[in-house]
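Participant: The structure is given below, and queries will be raised subsequently.
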Amino acid sequence: MPYKDASPRPYEPHARPPHRPRHRVFVLVIVVLLIALPAGYLVQSAFQSRASGKDKERAAAATSLTYGRPPKVSQRIYDVPVPLSATRVAFYETNAWEKSTMWVQFRTSPKRLKQFLDEVGSDTAEPAKPVQLHKGRVAVTGKLATEVGWRFDEPKSHYFSAVHEQPRSKPDLKITVDMTYKKRPRVYVVSSTRF
């Protein structure tokens, strides 16, 4: 049986106690921050990415008008500069191999309507000609109107329209304005671009 020494050890003045950090709380806070901040950032990014993906998925899956402003990129691509003060804005977009189309509707003031018509086609190299509306016409064809549920057969409505054709690289626009309520005309635009 091995011998066990039970006698107390003599005091050694030069021996060091085990190392203990003096600032435990400070070190703990730093460690937590080094782990928690990046983890929190990753979680937040994941949720934002997921929400963004759902919005894009919802827009792509839409089969009718979606109430809200079209993205600025779409407004530029389709040359439909929706006025900032416009209300009841809705849009719908379809993309195909050779042709993409966007439907947009909104209400605005007569002044903003004039600005909208002046801005359509203004970013081309040639000087833009303001779009002129013609009384009693409906530029949006029945097939295009049916796609999103627009109706232009109301007998008491006053329609004005224009077709704005542009070079092949730019979209063609069919614009119909319901001027029944002159202070808040309702604008309907179908913009089609070919590739």
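Just so we're on the same page: first chain in the structure tokens is A, next is B, and so on; residues restart at 1 for each chain, and ligands are numbered from 1 in the order they show up.
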Please identify all polymer residues within 12 Å of Val163 of chain A, counting only C-alpha atoms, omitting same-chain residues fewer than 4 positions from it, and present them as a list in words.
Facilitator: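 Once the adjacent positions are removed, what remains is Leu117, Val120, Gly121, Pro130, Val131, Gln132, Leu133, His134, Arg137, Val138, Ala139, Val140, Thr141, Pro171, Asp172, Leu173, Lys174, Ile175, Thr176, Val177, Tyr188, Val189, Val190, Ser191 and Ser192 of chain A.
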Participant: I need the chosen residues saved as an mmCIF file, in the first residue's frame, with N, CA, C and O atoms.
Facilitator:
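That gives us result_20.cif:
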```cif
data_model
loop_
_atom_site.group_PDB
_atom_site.id
_atom_site.type_symbol
_atom_site.label_atom_id
_atom_site.label_comp_id
_atom_site.auth_asym_id
_atom_site.auth_seq_id
_atom_site.Cartn_x
_atom_site.Cartn_y
_atom_site.Cartn_z
ATOM 1 N N LEU A 117 -47.309 64.116 -68.211
ATOM 2 C CA LEU A 117 -47.319 64.028 -69.671
ATOM 3 C C LEU A 117 -46.079 64.678 -70.280
ATOM 4 O O LEU A 117 -45.571 64.219 -71.306
ATOM 5 N N VAL A 120 -42.990 62.125 -69.684
ATOM 6 C CA VAL A 120 -42.980 60.867 -70.437
ATOM 7 C C VAL A 120 -42.107 61.044 -71.670
ATOM 8 O O VAL A 120 -42.319 61.946 -72.473
ATOM 9 N N GLY A 121 -41.096 60.221 -71.787
ATOM 10 C CA GLY A 121 -40.191 60.273 -72.936
ATOM 11 C C GLY A 121 -39.145 61.354 -72.871
ATOM 12 O O GLY A 121 -38.407 61.563 -73.827
ATOM 13 N N PRO A 130 -44.132 66.991 -75.730
ATOM 14 C CA PRO A 130 -45.143 66.678 -74.716
ATOM 15 C C PRO A 130 -46.250 65.809 -75.312
ATOM 16 O O PRO A 130 -46.644 65.988 -76.455
ATOM 17 N N VAL A 131 -46.713 64.877 -74.528
ATOM 18 C CA VAL A 131 -47.784 63.991 -74.975
ATOM 19 C C VAL A 131 -49.089 64.787 -74.995
ATOM 20 O O VAL A 131 -49.439 65.457 -74.022
ATOM 21 N N GLN A 132 -49.796 64.721 -76.119
ATOM 22 C CA GLN A 132 -51.060 65.433 -76.276
ATOM 23 C C GLN A 132 -52.221 64.457 -76.138
ATOM 24 O O GLN A 132 -52.264 63.435 -76.824
ATOM 25 N N LEU A 133 -53.146 64.769 -75.256
ATOM 26 C CA LEU A 133 -54.326 63.933 -75.077
ATOM 27 C C LEU A 133 -55.401 64.320 -76.089
ATOM 28 O O LEU A 133 -55.567 65.488 -76.418
ATOM 29 N N HIS A 134 -56.136 63.300 -76.561
ATOM 30 C CA HIS A 134 -57.215 63.525 -77.526
ATOM 31 C C HIS A 134 -58.535 63.124 -76.882
ATOM 32 O O HIS A 134 -58.667 62.033 -76.334
ATOM 33 N N ARG A 137 -61.305 59.474 -76.842
ATOM 34 C CA ARG A 137 -60.644 58.234 -77.252
ATOM 35 C C ARG A 137 -60.225 57.416 -76.039
ATOM 36 O O ARG A 137 -59.981 57.958 -74.968
ATOM 37 N N VAL A 138 -60.096 56.115 -76.264
ATOM 38 C CA VAL A 138 -59.561 55.207 -75.247
ATOM 39 C C VAL A 138 -58.406 54.462 -75.903
ATOM 40 O O VAL A 138 -58.618 53.633 -76.791
ATOM 41 N N ALA A 139 -57.196 54.786 -75.490
ATOM 42 C CA ALA A 139 -56.006 54.190 -76.108
ATOM 43 C C ALA A 139 -55.750 52.768 -75.621
ATOM 44 O O ALA A 139 -55.213 51.940 -76.350
ATOM 45 N N VAL A 140 -56.123 52.477 -74.387
ATOM 46 C CA VAL A 140 -55.899 51.136 -73.835
ATOM 47 C C VAL A 140 -56.925 50.195 -74.449
ATOM 48 O O VAL A 140 -58.129 50.373 -74.265
ATOM 49 N N THR A 141 -56.443 49.203 -75.180
ATOM 50 C CA THR A 141 -57.345 48.280 -75.876
ATOM 51 C C THR A 141 -58.111 47.417 -74.882
ATOM 52 O O THR A 141 -57.719 47.263 -73.719
ATOM 53 N N PRO A 171 -39.870 51.980 -74.336
ATOM 54 C CA PRO A 171 -41.228 51.410 -74.325
ATOM 55 C C PRO A 171 -42.252 52.301 -75.047
ATOM 56 O O PRO A 171 -42.079 53.509 -75.140
ATOM 57 N N ASP A 172 -43.293 51.659 -75.547
ATOM 58 C CA ASP A 172 -44.441 52.367 -76.116
ATOM 59 C C ASP A 172 -45.499 52.472 -75.031
ATOM 60 O O ASP A 172 -45.736 51.513 -74.296
ATOM 61 N N LEU A 173 -46.133 53.647 -74.932
ATOM 62 C CA LEU A 173 -47.125 53.865 -73.877
ATOM 63 C C LEU A 173 -48.495 54.146 -74.467
ATOM 64 O O LEU A 173 -48.618 54.901 -75.437
ATOM 65 N N LYS A 174 -49.490 53.537 -73.850
ATOM 66 C CA LYS A 174 -50.884 53.843 -74.145
ATOM 67 C C LYS A 174 -51.444 54.483 -72.879
ATOM 68 O O LYS A 174 -51.452 53.861 -71.821
ATOM 69 N N ILE A 175 -51.877 55.729 -72.993
ATOM 70 C CA ILE A 175 -52.330 56.498 -71.834
ATOM 71 C C ILE A 175 -53.794 56.866 -72.022
ATOM 72 O O ILE A 175 -54.171 57.425 -73.056
ATOM 73 N N THR A 176 -54.610 56.553 -71.024
ATOM 74 C CA THR A 176 -56.015 56.957 -71.020
ATOM 75 C C THR A 176 -56.290 57.660 -69.702
ATOM 76 O O THR A 176 -55.901 57.173 -68.642
ATOM 77 N N VAL A 177 -56.931 58.821 -69.785
ATOM 78 C CA VAL A 177 -57.220 59.625 -68.589
ATOM 79 C C VAL A 177 -58.727 59.809 -68.474
ATOM 80 O O VAL A 177 -59.381 60.245 -69.421
ATOM 81 N N TYR A 188 -54.603 55.981 -66.494
ATOM 82 C CA TYR A 188 -54.351 54.573 -66.761
ATOM 83 C C TYR A 188 -53.245 54.502 -67.826
ATOM 84 O O TYR A 188 -53.361 55.113 -68.881
ATOM 85 N N VAL A 189 -52.200 53.766 -67.525
ATOM 86 C CA VAL A 189 -51.059 53.672 -68.453
ATOM 87 C C VAL A 189 -50.720 52.201 -68.667
ATOM 88 O O VAL A 189 -50.632 51.428 -67.713
ATOM 89 N N VAL A 190 -50.497 51.836 -69.931
ATOM 90 C CA VAL A 190 -49.952 50.527 -70.266
ATOM 91 C C VAL A 190 -48.668 50.790 -71.039
ATOM 92 O O VAL A 190 -48.684 51.411 -72.103
ATOM 93 N N SER A 191 -47.563 50.324 -70.479
ATOM 94 C CA SER A 191 -46.251 50.522 -71.089
ATOM 95 C C SER A 191 -45.688 49.164 -71.496
ATOM 96 O O SER A 191 -45.596 48.260 -70.673
ATOM 97 N N SER A 192 -45.304 49.054 -72.771
ATOM 98 C CA SER A 192 -44.778 47.783 -73.278
ATOM 99 C C SER A 192 -43.415 48.011 -73.895
ATOM 100 O O SER A 192 -43.207 48.964 -74.655
#
```
Participant: List as an MDAnalysis selection string the protein and nucleic acid residues near segment 85-94 of chain A, meaning an atom at most 12 Å away when only C-alpha atoms are counted, but skip any in the same chain fewer than 2 places from it.
Facilitator: chainID A and resid 58:71 74:75 77:78 80:83 96:113 115:116 144:145 147:150 184:193
Participant: Could you check how far atom CA of Tyr159 of chain A sits from atom CA of Asp79 of chain A, in Å to one decimal?
Facilitator: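 It comes out at 21.8 Å.
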Participant: Please return, as number ranges by chain, all residues of segment 122-170 of chain A that DSSP assigns to helix (DSSP H, G or I) on the basis of the backbone.
Facilitator: A: 142-148
Participant: Create the file for the chosen residues now, containing C-alpha atoms and written as a short mmCIF file (atom, residue, chain, number, x, y, z; two decimals), in the first residue's frame.
Facilitator:
```
data_model
loop_
_atom_site.label_atom_id
_atom_site.label_comp_id
_atom_site.auth_asym_id
_atom_site.auth_seq_id
_atom_site.Cartn_x
_atom_site.Cartn_y
_atom_site.Cartn_z
CA GLY A 142 -60.04 45.98 -74.51
CA LYS A 143 -57.63 43.03 -74.24
CA LEU A 144 -55.10 45.05 -72.22
CA ALA A 145 -57.84 46.52 -70.00
CA THR A 146 -59.38 43.10 -69.31
CA GLU A 147 -56.00 41.77 -68.13
CA VAL A 148 -56.24 43.93 -64.98
#
```
